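S.K.: Next comes entry_34.txt, compact mmCIF, C-alpha atoms:
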```txt
# COMPACT_ATOMS: atom_id res chain seq x y z
CA MET X 1 -92.76 142.92 182.68
CA ARG X 2 -96.21 141.50 181.90
CA ILE X 3 -96.48 137.70 182.05
CA VAL X 4 -99.39 135.43 181.18
CA SER X 5 -99.39 131.79 182.30
CA ILE X 6 -101.74 129.37 180.56
CA CYS X 7 -100.98 126.26 182.62
CA PRO X 8 -101.08 125.77 186.44
CA SER X 9 -97.58 124.30 186.66
CA ASN X 10 -96.16 127.34 184.87
CA THR X 11 -97.94 129.65 187.30
CA GLU X 12 -96.38 127.72 190.18
CA ILE X 13 -92.90 128.11 188.71
CA ILE X 14 -93.46 131.88 188.66
CA ALA X 15 -94.54 131.64 192.31
CA TYR X 16 -91.40 129.66 193.16
CA LEU X 17 -89.38 132.47 191.62
CA ASP X 18 -91.27 135.06 193.75
CA ARG X 19 -92.55 136.91 190.69
CA VAL X 20 -96.34 136.51 191.03
CA HIS X 21 -96.65 140.30 190.87
CA LEU X 22 -95.60 140.11 187.20
CA LEU X 23 -98.58 137.94 186.24
CA VAL X 24 -101.43 139.74 184.46
CA GLY X 25 -103.54 136.72 183.52
CA VAL X 26 -103.75 132.94 184.06
CA ASP X 27 -105.69 129.90 182.92
CA ASN X 28 -108.85 128.87 184.80
CA TYR X 29 -107.15 126.03 186.68
CA SER X 30 -104.29 128.06 188.15
CA ASP X 31 -105.18 128.24 191.84
CA TYR X 32 -101.83 128.64 193.58
CA PRO X 33 -100.78 130.89 195.16
CA ALA X 34 -103.96 132.56 196.38
CA GLN X 35 -103.02 135.88 194.77
CA VAL X 36 -103.70 134.51 191.28
CA GLU X 37 -107.40 134.13 192.04
CA ARG X 38 -107.88 137.85 191.47
CA LEU X 39 -106.24 137.80 188.05
CA PRO X 40 -108.15 137.66 184.74
CA LYS X 41 -109.00 134.05 183.87
CA LEU X 42 -108.33 133.09 180.28
CA GLY X 43 -110.15 129.78 179.95
CA PRO X 44 -109.31 126.15 180.70
CA ASP X 45 -105.75 125.13 179.86
CA LEU X 46 -106.90 123.05 176.87
CA SER X 47 -108.97 125.87 175.45
CA ILE X 48 -107.37 129.24 176.17
CA ASP X 49 -109.08 132.36 174.82
CA ILE X 50 -106.12 133.70 172.85
CA GLU X 51 -107.91 136.93 172.02
CA LYS X 52 -108.17 137.69 175.75
CA VAL X 53 -104.49 136.86 176.11
CA ALA X 54 -103.65 139.33 173.36
CA GLU X 55 -105.75 142.04 175.02
CA LEU X 56 -103.52 141.79 178.10
CA GLN X 57 -100.52 142.79 175.94
CA PRO X 58 -98.10 140.31 177.55
CA ASP X 59 -94.34 140.59 177.18
CA LEU X 60 -94.20 136.81 177.61
CA VAL X 61 -96.67 133.93 177.62
CA LEU X 62 -95.70 130.77 179.47
CA ALA X 63 -97.25 128.01 177.37
CA SER X 64 -97.23 124.25 177.88
CA LEU X 65 -97.56 120.95 176.06
CA SER X 66 -97.94 118.85 179.22
CA VAL X 67 -101.41 117.65 178.22
CA PRO X 68 -102.42 116.38 174.74
CA GLY X 69 -104.52 119.03 173.02
CA MET X 70 -102.55 122.05 174.18
CA GLU X 71 -101.08 122.36 170.70
CA LYS X 72 -104.11 124.44 169.78
CA ASN X 73 -103.03 127.13 172.22
CA ILE X 74 -99.61 127.35 170.58
CA GLU X 75 -101.21 127.74 167.16
CA GLY X 76 -103.30 130.60 168.53
CA LEU X 77 -100.29 132.34 170.05
CA ASP X 78 -98.53 132.11 166.70
CA GLU X 79 -101.58 133.47 164.91
CA TYR X 80 -101.63 136.55 167.16
CA GLY X 81 -97.86 136.95 167.04
CA LEU X 82 -97.51 136.76 170.81
CA PRO X 83 -94.12 136.09 172.45
CA TYR X 84 -94.01 132.76 174.29
CA ILE X 85 -91.92 129.89 175.57
CA ILE X 86 -93.16 126.31 175.91
CA LEU X 87 -92.56 124.19 179.01
CA ASN X 88 -93.08 120.43 178.87
CA PRO X 89 -91.11 118.68 181.63
CA ASN X 90 -91.52 114.96 182.32
CA SER X 91 -88.83 114.59 184.96
CA ILE X 92 -87.75 116.36 188.12
CA TYR X 93 -84.49 117.40 186.49
CA GLU X 94 -86.43 118.96 183.61
CA ILE X 95 -88.50 120.93 186.14
CA SER X 96 -85.29 122.36 187.58
CA GLU X 97 -84.15 123.27 184.06
CA ASP X 98 -87.49 125.01 183.43
CA ILE X 99 -86.98 127.07 186.60
CA ARG X 100 -83.70 128.24 185.08
CA ARG X 101 -85.24 128.81 181.67
CA VAL X 102 -88.13 130.89 182.95
CA GLY X 103 -85.79 132.90 185.15
CA LYS X 104 -83.57 133.70 182.18
CA ALA X 105 -86.59 134.68 180.05
CA ILE X 106 -87.85 137.15 182.66
CA GLY X 107 -84.45 138.66 183.45
CA ILE X 108 -83.56 137.00 186.77
CA GLU X 109 -81.17 134.30 185.55
CA ALA X 110 -78.83 134.27 188.55
CA GLU X 111 -81.66 134.16 191.06
CA ALA X 112 -83.38 131.39 189.13
CA ASN X 113 -80.19 129.35 188.98
CA THR X 114 -79.95 129.57 192.76
CA LYS X 115 -83.59 128.53 193.16
CA ALA X 116 -83.12 125.60 190.78
CA HIS X 117 -80.04 124.49 192.72
CA THR X 118 -81.99 124.66 195.99
CA PHE X 119 -84.76 122.57 194.43
CA ILE X 120 -82.28 119.86 193.41
CA LEU X 121 -80.63 119.90 196.85
CA GLU X 122 -84.04 119.19 198.41
CA ILE X 123 -84.49 116.29 196.04
CA GLU X 124 -81.08 114.92 197.05
CA LYS X 125 -82.17 114.84 200.71
CA PHE X 126 -85.15 112.67 199.80
CA LYS X 127 -82.90 110.45 197.69
CA THR X 128 -80.53 109.86 200.60
CA ARG X 129 -83.39 108.90 202.93
CA ALA X 130 -84.92 106.62 200.29
CA GLU X 131 -81.63 104.76 199.84
CA GLN X 132 -81.63 104.02 203.56
CA SER X 133 -85.30 103.08 203.86
CA GLY X 134 -85.07 99.31 203.29
CA ASP X 135 -87.96 97.48 201.60
CA LYS X 136 -89.66 99.34 198.76
CA PRO X 137 -93.47 99.04 198.68
CA SER X 138 -95.24 99.29 195.32
CA LEU X 139 -97.51 102.19 194.35
CA TYR X 140 -100.29 102.42 191.81
CA TRP X 141 -101.02 106.02 190.80
CA GLU X 142 -104.47 106.43 189.27
CA TRP X 143 -104.74 109.48 187.06
CA TRP X 144 -108.09 108.44 185.64
CA PRO X 145 -110.35 105.45 186.42
CA LYS X 146 -112.06 104.56 183.14
CA PRO X 147 -110.27 104.26 180.83
CA VAL X 148 -107.39 103.78 183.22
CA PHE X 149 -104.53 106.24 182.85
CA THR X 150 -101.45 106.01 185.03
CA PRO X 151 -97.90 107.38 184.89
CA GLY X 152 -95.24 105.25 183.23
CA GLY X 153 -91.49 105.07 183.70
CA MET X 154 -90.80 108.39 181.98
CA ASN X 155 -93.05 110.45 184.27
CA TRP X 156 -92.05 112.43 187.36
CA LEU X 157 -94.33 110.29 189.55
CA THR X 158 -92.02 107.33 189.00
CA GLU X 159 -89.22 109.49 190.40
CA ILE X 160 -91.46 110.72 193.22
CA SER X 161 -92.26 107.09 194.12
CA GLU X 162 -88.57 106.18 194.34
CA LEU X 163 -87.67 109.32 196.29
CA ALA X 164 -90.39 108.43 198.80
CA GLY X 165 -88.87 104.98 199.32
CA ALA X 166 -91.24 103.03 197.05
CA TYR X 167 -91.70 102.24 193.35
CA ASN X 168 -94.31 102.76 190.66
CA ILE X 169 -95.83 99.45 189.46
CA PHE X 170 -95.82 100.82 185.88
CA ARG X 171 -92.18 101.94 185.92
CA ASP X 172 -91.40 99.26 183.31
CA GLU X 173 -93.53 101.10 180.73
CA ASN X 174 -91.20 103.30 178.67
CA THR X 175 -93.61 106.19 178.32
CA ALA X 176 -94.86 109.13 180.38
CA SER X 177 -98.52 108.05 180.38
CA VAL X 178 -99.97 104.54 180.22
CA GLN X 179 -103.49 103.60 179.20
CA THR X 180 -104.34 100.21 180.67
CA ASP X 181 -107.22 98.44 182.41
CA TRP X 182 -108.32 97.22 185.83
CA GLU X 183 -107.16 93.65 185.16
CA ASP X 184 -103.61 94.80 184.44
CA VAL X 185 -103.52 96.73 187.71
CA LYS X 186 -104.92 93.70 189.53
CA ARG X 187 -102.15 91.47 188.14
CA ARG X 188 -99.50 93.89 189.41
CA ASP X 189 -101.11 93.89 192.90
CA PRO X 190 -99.86 97.18 194.39
CA ASP X 191 -99.17 97.68 198.09
CA HIS X 192 -100.65 101.19 197.92
CA ILE X 193 -103.23 102.85 195.66
CA CYS X 194 -102.85 106.61 195.18
CA MET X 195 -105.94 108.34 193.79
CA VAL X 196 -104.94 111.54 191.99
CA TRP X 197 -107.66 111.99 189.38
CA VAL X 198 -106.64 114.86 187.13
CA GLY X 199 -108.88 117.90 187.56
CA VAL X 200 -110.89 116.30 190.38
CA LYS X 201 -110.90 117.64 193.94
CA GLU X 202 -110.22 115.22 196.78
CA GLU X 203 -113.77 115.42 198.15
CA LYS X 204 -115.09 114.11 194.83
CA MET X 205 -112.89 110.98 194.88
CA ASN X 206 -114.49 108.07 196.72
CA PRO X 207 -112.26 105.13 197.74
CA ASP X 208 -115.34 102.89 197.78
CA LEU X 209 -115.33 103.08 193.97
CA ILE X 210 -111.93 101.35 194.10
CA ARG X 211 -113.12 98.68 196.53
CA LYS X 212 -116.14 97.81 194.38
CA ARG X 213 -114.19 97.00 191.22
CA PRO X 214 -114.45 93.34 190.18
CA GLY X 215 -111.79 91.32 191.97
CA TRP X 216 -110.10 94.32 193.55
CA ASP X 217 -111.07 93.17 197.03
CA GLU X 218 -108.19 90.70 196.57
CA LEU X 219 -105.60 93.45 196.09
CA THR X 220 -103.04 93.89 198.85
CA ALA X 221 -103.69 97.64 198.96
CA VAL X 222 -107.43 97.12 199.39
CA LYS X 223 -107.11 94.35 201.99
CA GLN X 224 -104.66 96.49 203.97
CA ASP X 225 -106.82 99.62 203.56
CA ARG X 226 -104.03 101.48 201.81
CA ILE X 227 -106.09 103.61 199.44
CA HIS X 228 -104.92 107.21 199.59
CA VAL X 229 -106.93 110.13 198.27
CA LEU X 230 -104.30 112.74 197.44
CA GLU X 231 -104.36 116.32 196.17
CA GLU X 232 -104.13 116.18 192.41
CA SER X 233 -102.52 119.63 192.48
CA LEU X 234 -99.53 118.30 194.46
CA PHE X 235 -98.80 115.31 192.22
CA CYS X 236 -100.13 115.92 188.71
CA ARG X 237 -98.50 119.27 187.97
CA PRO X 238 -94.82 119.32 186.97
CA SER X 239 -93.86 122.20 189.23
CA PRO X 240 -91.74 122.77 192.35
CA ARG X 241 -94.83 122.03 194.48
CA LEU X 242 -94.13 118.35 193.81
CA LEU X 243 -91.84 118.69 196.83
CA VAL X 244 -94.91 119.20 199.01
CA GLY X 245 -96.55 116.11 197.54
CA LEU X 246 -93.32 114.14 197.93
CA ARG X 247 -93.14 114.96 201.63
CA LYS X 248 -96.72 113.80 202.03
CA ILE X 249 -96.29 110.42 200.30
CA GLU X 250 -92.95 109.84 202.04
CA GLU X 251 -94.65 110.33 205.40
CA ILE X 252 -97.48 107.94 204.47
CA ILE X 253 -95.04 105.22 203.42
CA SER X 254 -92.79 105.72 206.45
CA LYS X 255 -95.73 105.36 208.83
CA GLU X 256 -96.92 102.21 207.07
CA LYS X 257 -93.43 100.74 207.46
CA GLY X 258 -93.50 101.66 211.13
CA ASN X 259 -90.52 103.94 210.73
CA PRO X 260 -90.22 107.20 212.70
CA PHE X 261 -90.60 110.25 210.51
```
Show me the file's structure as structure tokens.

M.R.:
Amino acid sequence: MRIVSICPSNTEIIAYLDRVHLLVGVDNYSDYPAQVERLPKLGPDLSIDIEKVAELQPDLVLASLSVPGMEKNIEGLDEYGLPYIILNPNSIYEISEDIRRVGKAIGIEAEANTKAHTFILEIEKFKTRAEQSGDKPSLYWEWWPKPVFTPGGMNWLTEISELAGAYNIFRDENTASVQTDWEDVKRRDPDHICMVWVGVKEEKMNPDLIRKRPGWDELTAVKQDRIHVLEESLFCRPSPRLLVGLRKIEEIISKEKGNPF
């Protein structure tokens, strides 16, 4: 079977299912696992070269609508008559369902069901620890600095926050993505600031930019030096690799609480 993935999170689901060898092409941002680096690159996920996709003669294209603007890719796939499925999870449960869905589409339904079950069991372990962790510190996740974009209550990062023994300061917003401003964040006064700028590598994110914002020197997170530069790839992609990010933020929070990990 010949599979094309045009979104990094989709590529990572294929990796979780141990079927990377079936991939014949990926989007430019797919960088995990390392084997995909040698595959033909088909353009950035918002602007896929559909003609190149068609040339690869895929049996299945794993498309996505996880970022506004990806609709154009779907239109192109329709225009070329290419077979595809669309993944667009906002919650951890939906990620597990996509593992099952992709597995069924590529002919390994039973194996995928087992993998999805294992994924949920891992989540349950975090949930049990979180329920026993005591006080819940508040987290501000910064997807983008100006204009400010941050996950709302309907995004997986709200779940990740709770599973790590904390809570997202924008969990009260009934949407997946929130556009707000620095003053709103300041009013909510988070205990921790998590920098996960979408598409930006960690070395390009400077915590001093946070500290220099007007009035932000008064924030609890800034005063306590709790600004965390985190791998965008472990938190901003709705894939099973969120487990790796979850372990990382759980460890950070546990250490800050003075709890053994």

S.K.: Would you please work out which residue, of X:Asp181, X:Glu109, X:Asp189, X:Glu173, is nearest to X:Ser138 when using only C-alpha atoms?

M.R.: X:Asp189

S.K.: For the atom pair atom CA of X:Glu183 and atom CA of X:Gly215, what is the interatomic distance in Å to one decimal place?

M.R.: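 Going from atom CA of X:Glu183 over to atom CA of X:Gly215, I get 8.6 Å.
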
S.K.: Any idea what the distance is between atom CA of X:Val196 and atom CA of X:Leu163?

M.R.: 17.9 Å

S.K.: X:Lys212, X:Lys204, X:Arg171, X:Arg187: which is nearest X:Val229, counting all atoms listed in the file?

M.R.: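 Checking each candidate against X:Val229, we get X:Lys204 as the closest.
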
S.K.: I want to know what sits within 12 Å of stretch 197-203 of chain X, based on all atoms listed in the file, with residues of the same chain fewer than 5 positions away left out; could you give that as a PyMOL selection string?

M.R.: chain X and resi 8+28-31+44-45+67+141-151+228-237

S.K.: Can you tell me, as JSON, numbers by chain, what residues are no more than 6 Å from X:Ile6 when counting only C-alpha atoms, ignoring any on the same chain fewer than 5 positions away?

M.R.: {"X": [26, 27, 45, 63]}

S.K.: Can I get the selected residues back with C-alpha atoms, as a CSV table (one decimal), in the coordinates of the input?

M.R.:
```
chain,number,residue,atom,x,y,z
X,26,VAL,CA,-103.8,132.9,184.1
X,27,ASP,CA,-105.7,129.9,182.9
X,45,ASP,CA,-105.8,125.1,179.9
X,63,ALA,CA,-97.2,128.0,177.4
```

S.K.: Expressed in Å to a single decimal, how great is the separation between atom CA of X:Arg100 and atom CA of X:Asn88?

M.R.: 13.7 Å

S.K.: Restricting the calculation to only C-alpha atoms, which member of X:Leu246, X:Ser96, X:Asp217, X:Cys194 is positioned closest to X:His117?

M.R.: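 Using only C-alpha atoms, the shortest distance to X:His117 belongs to X:Ser96.
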
S.K.: As a list in words, please: the residues near stretch 153-155 of chain X (cut-off 8 Å, all atoms listed in the file, same-chain neighbours under 2 positions excluded).

M.R.: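 Close residues of stretch 153-155 of chain X: Asn90, Ser91, Pro151, Leu157, Thr158, Glu159, Asn168, Phe170, Arg171, Asp172, Glu173, Asn174, Thr175, Ala176 and Ser177 of chain X.
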
S.K.: Using the selection just defined, write its residues with C-alpha atoms as a compact mmCIF listing (two decimals), in the frame of the given file.

M.R.:
```txt
# COMPACT_ATOMS: atom_id res chain seq x y z
CA ASN X 90 -91.52 114.96 182.32
CA SER X 91 -88.83 114.59 184.96
CA PRO X 151 -97.90 107.38 184.89
CA LEU X 157 -94.33 110.29 189.55
CA THR X 158 -92.02 107.33 189.00
CA GLU X 159 -89.22 109.49 190.40
CA ASN X 168 -94.31 102.76 190.66
CA PHE X 170 -95.82 100.82 185.88
CA ARG X 171 -92.18 101.94 185.92
CA ASP X 172 -91.40 99.26 183.31
CA GLU X 173 -93.53 101.10 180.73
CA ASN X 174 -91.20 103.30 178.67
CA THR X 175 -93.61 106.19 178.32
CA ALA X 176 -94.86 109.13 180.38
CA SER X 177 -98.52 108.05 180.38
```

S.K.: Can you pull out the residues contacting stretch 59-62 of chain X? Cut-off 8 Å, using all atoms listed in the file, and skip same-chain residues under 2 positions away; I want them as a VMD selection string.

M.R.: chain X and resid 1 to 7 10 57 64 82 to 87

S.K.: Kindly indicate which residue among X:Leu56, X:Ser254, X:Asp184, X:Ser9 lies nearest to X:Pro89, using only C-alpha atoms for the distances.

M.R.: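 Of the candidates, the smallest distance to X:Pro89 is held by X:Ser9.
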
S.K.: Once you've located stretch 89-194 of chain X in the structure I gave, write it as an mmCIF file, in the first residue's frame, keeping C-alpha atoms.

M.R.:
```
data_model
loop_
_atom_site.group_PDB
_atom_site.id
_atom_site.type_symbol
_atom_site.label_atom_id
_atom_site.label_comp_id
_atom_site.auth_asym_id
_atom_site.auth_seq_id
_atom_site.Cartn_x
_atom_site.Cartn_y
_atom_site.Cartn_z
ATOM 1 C CA PRO X 89 -8.953 15.608 16.359
ATOM 2 C CA ASN X 90 -9.300 18.175 19.140
ATOM 3 C CA SER X 91 -9.229 15.805 22.096
ATOM 4 C CA ILE X 92 -7.132 12.900 23.296
ATOM 5 C CA TYR X 93 -10.060 10.534 22.843
ATOM 6 C CA GLU X 94 -10.423 11.676 19.231
ATOM 7 C CA ILE X 95 -6.722 10.929 18.681
ATOM 8 C CA SER X 96 -7.311 7.370 19.871
ATOM 9 C CA GLU X 97 -10.273 7.098 17.492
ATOM 10 C CA ASP X 98 -8.097 8.345 14.621
ATOM 11 C CA ILE X 99 -5.548 5.627 15.417
ATOM 12 C CA ARG X 100 -8.368 3.119 14.951
ATOM 13 C CA ARG X 101 -9.658 4.836 11.829
ATOM 14 C CA VAL X 102 -6.293 4.956 10.101
ATOM 15 C CA GLY X 103 -5.622 1.346 11.036
ATOM 16 C CA LYS X 104 -8.906 0.251 9.500
ATOM 17 C CA ALA X 105 -8.228 2.275 6.329
ATOM 18 C CA ILE X 106 -4.834 0.625 5.804
ATOM 19 C CA GLY X 107 -5.980 -2.903 6.602
ATOM 20 C CA ILE X 108 -4.664 -3.425 10.146
ATOM 21 C CA GLU X 109 -7.844 -2.810 12.144
ATOM 22 C CA ALA X 110 -7.198 -5.294 14.947
ATOM 23 C CA GLU X 111 -3.642 -4.112 15.491
ATOM 24 C CA ALA X 112 -4.747 -0.484 15.485
ATOM 25 C CA ASN X 113 -7.485 -1.191 18.015
ATOM 26 C CA THR X 114 -4.867 -2.690 20.321
ATOM 27 C CA LYS X 115 -2.583 0.318 19.861
ATOM 28 C CA ALA X 116 -5.439 2.735 20.533
ATOM 29 C CA HIS X 117 -6.337 0.821 23.696
ATOM 30 C CA THR X 118 -2.715 0.974 24.865
ATOM 31 C CA PHE X 119 -2.690 4.728 24.218
ATOM 32 C CA ILE X 120 -5.796 5.227 26.378
ATOM 33 C CA LEU X 121 -4.372 3.017 29.150
ATOM 34 C CA GLU X 122 -1.300 5.278 29.275
ATOM 35 C CA ILE X 123 -3.566 8.288 29.576
ATOM 36 C CA GLU X 124 -5.415 6.626 32.460
ATOM 37 C CA LYS X 125 -2.135 6.252 34.377
ATOM 38 C CA PHE X 126 -1.536 9.997 34.115
ATOM 39 C CA LYS X 127 -5.120 10.652 35.173
ATOM 40 C CA THR X 128 -4.722 8.563 38.320
ATOM 41 C CA ARG X 129 -1.524 10.387 39.309
ATOM 42 C CA ALA X 130 -3.113 13.777 38.601
ATOM 43 C CA GLU X 131 -6.070 12.980 40.853
ATOM 44 C CA GLN X 132 -3.635 12.314 43.688
ATOM 45 C CA SER X 133 -1.365 15.302 43.074
ATOM 46 C CA GLY X 134 -3.030 17.875 45.354
ATOM 47 C CA ASP X 135 -2.944 21.577 44.406
ATOM 48 C CA LYS X 136 -3.344 22.335 40.709
ATOM 49 C CA PRO X 137 -1.073 25.109 39.373
ATOM 50 C CA SER X 138 -2.281 27.175 36.410
ATOM 51 C CA LEU X 139 -0.680 27.032 32.961
ATOM 52 C CA TYR X 140 -0.657 29.528 30.124
ATOM 53 C CA TRP X 141 0.144 27.902 26.784
ATOM 54 C CA GLU X 142 1.365 30.406 24.207
ATOM 55 C CA TRP X 143 0.857 29.209 20.655
ATOM 56 C CA TRP X 144 1.662 32.597 19.168
ATOM 57 C CA PRO X 145 2.769 35.883 20.785
ATOM 58 C CA LYS X 146 1.250 38.648 18.675
ATOM 59 C CA PRO X 147 -1.626 38.386 18.121
ATOM 60 C CA VAL X 148 -1.885 36.032 21.068
ATOM 61 C CA PHE X 149 -3.242 32.581 20.286
ATOM 62 C CA THR X 150 -3.701 30.002 23.014
ATOM 63 C CA PRO X 151 -5.658 26.749 23.382
ATOM 64 C CA GLY X 152 -9.156 26.934 24.829
ATOM 65 C CA GLY X 153 -11.251 24.409 26.701
ATOM 66 C CA MET X 154 -11.939 22.244 23.651
ATOM 67 C CA ASN X 155 -8.270 21.636 22.817
ATOM 68 C CA TRP X 156 -6.112 18.661 23.799
ATOM 69 C CA LEU X 157 -3.733 20.943 25.726
ATOM 70 C CA THR X 158 -6.459 21.575 28.281
ATOM 71 C CA GLU X 159 -6.603 17.808 28.791
ATOM 72 C CA ILE X 160 -2.800 17.587 28.858
ATOM 73 C CA SER X 161 -2.728 20.287 31.552
ATOM 74 C CA GLU X 162 -5.175 18.377 33.743
ATOM 75 C CA LEU X 163 -3.424 15.041 33.195
ATOM 76 C CA ALA X 164 -0.173 16.677 34.306
ATOM 77 C CA GLY X 165 -1.782 17.829 37.557
ATOM 78 C CA ALA X 166 -2.478 21.434 36.527
ATOM 79 C CA TYR X 167 -5.065 23.437 34.571
ATOM 80 C CA ASN X 168 -5.174 25.674 31.513
ATOM 81 C CA ILE X 169 -6.038 29.296 32.403
ATOM 82 C CA PHE X 170 -8.202 29.485 29.252
ATOM 83 C CA ARG X 171 -10.151 26.288 29.934
ATOM 84 C CA ASP X 172 -13.300 28.397 30.415
ATOM 85 C CA GLU X 173 -13.256 29.386 26.727
ATOM 86 C CA ASN X 174 -15.557 26.988 24.862
ATOM 87 C CA THR X 175 -13.417 26.755 21.753
ATOM 88 C CA ALA X 176 -10.286 24.956 20.566
ATOM 89 C CA SER X 177 -8.278 28.122 19.865
ATOM 90 C CA VAL X 178 -8.510 31.509 21.572
ATOM 91 C CA GLN X 179 -7.282 34.818 20.199
ATOM 92 C CA THR X 180 -6.701 37.212 23.071
ATOM 93 C CA ASP X 181 -4.148 39.789 24.240
ATOM 94 C CA TRP X 182 -1.367 40.272 26.770
ATOM 95 C CA GLU X 183 -3.635 42.120 29.210
ATOM 96 C CA ASP X 184 -6.067 39.199 29.373
ATOM 97 C CA VAL X 185 -3.216 36.810 30.153
ATOM 98 C CA LYS X 186 -1.919 39.222 32.790
ATOM 99 C CA ARG X 187 -5.327 39.315 34.506
ATOM 100 C CA ARG X 188 -5.388 35.517 34.695
ATOM 101 C CA ASP X 189 -1.875 35.501 36.253
ATOM 102 C CA PRO X 190 -0.637 31.970 35.454
ATOM 103 C CA ASP X 191 1.717 30.013 37.701
ATOM 104 C CA HIS X 192 3.577 28.685 34.646
ATOM 105 C CA ILE X 193 4.091 29.991 31.102
ATOM 106 C CA CYS X 194 4.610 27.350 28.410
#
```
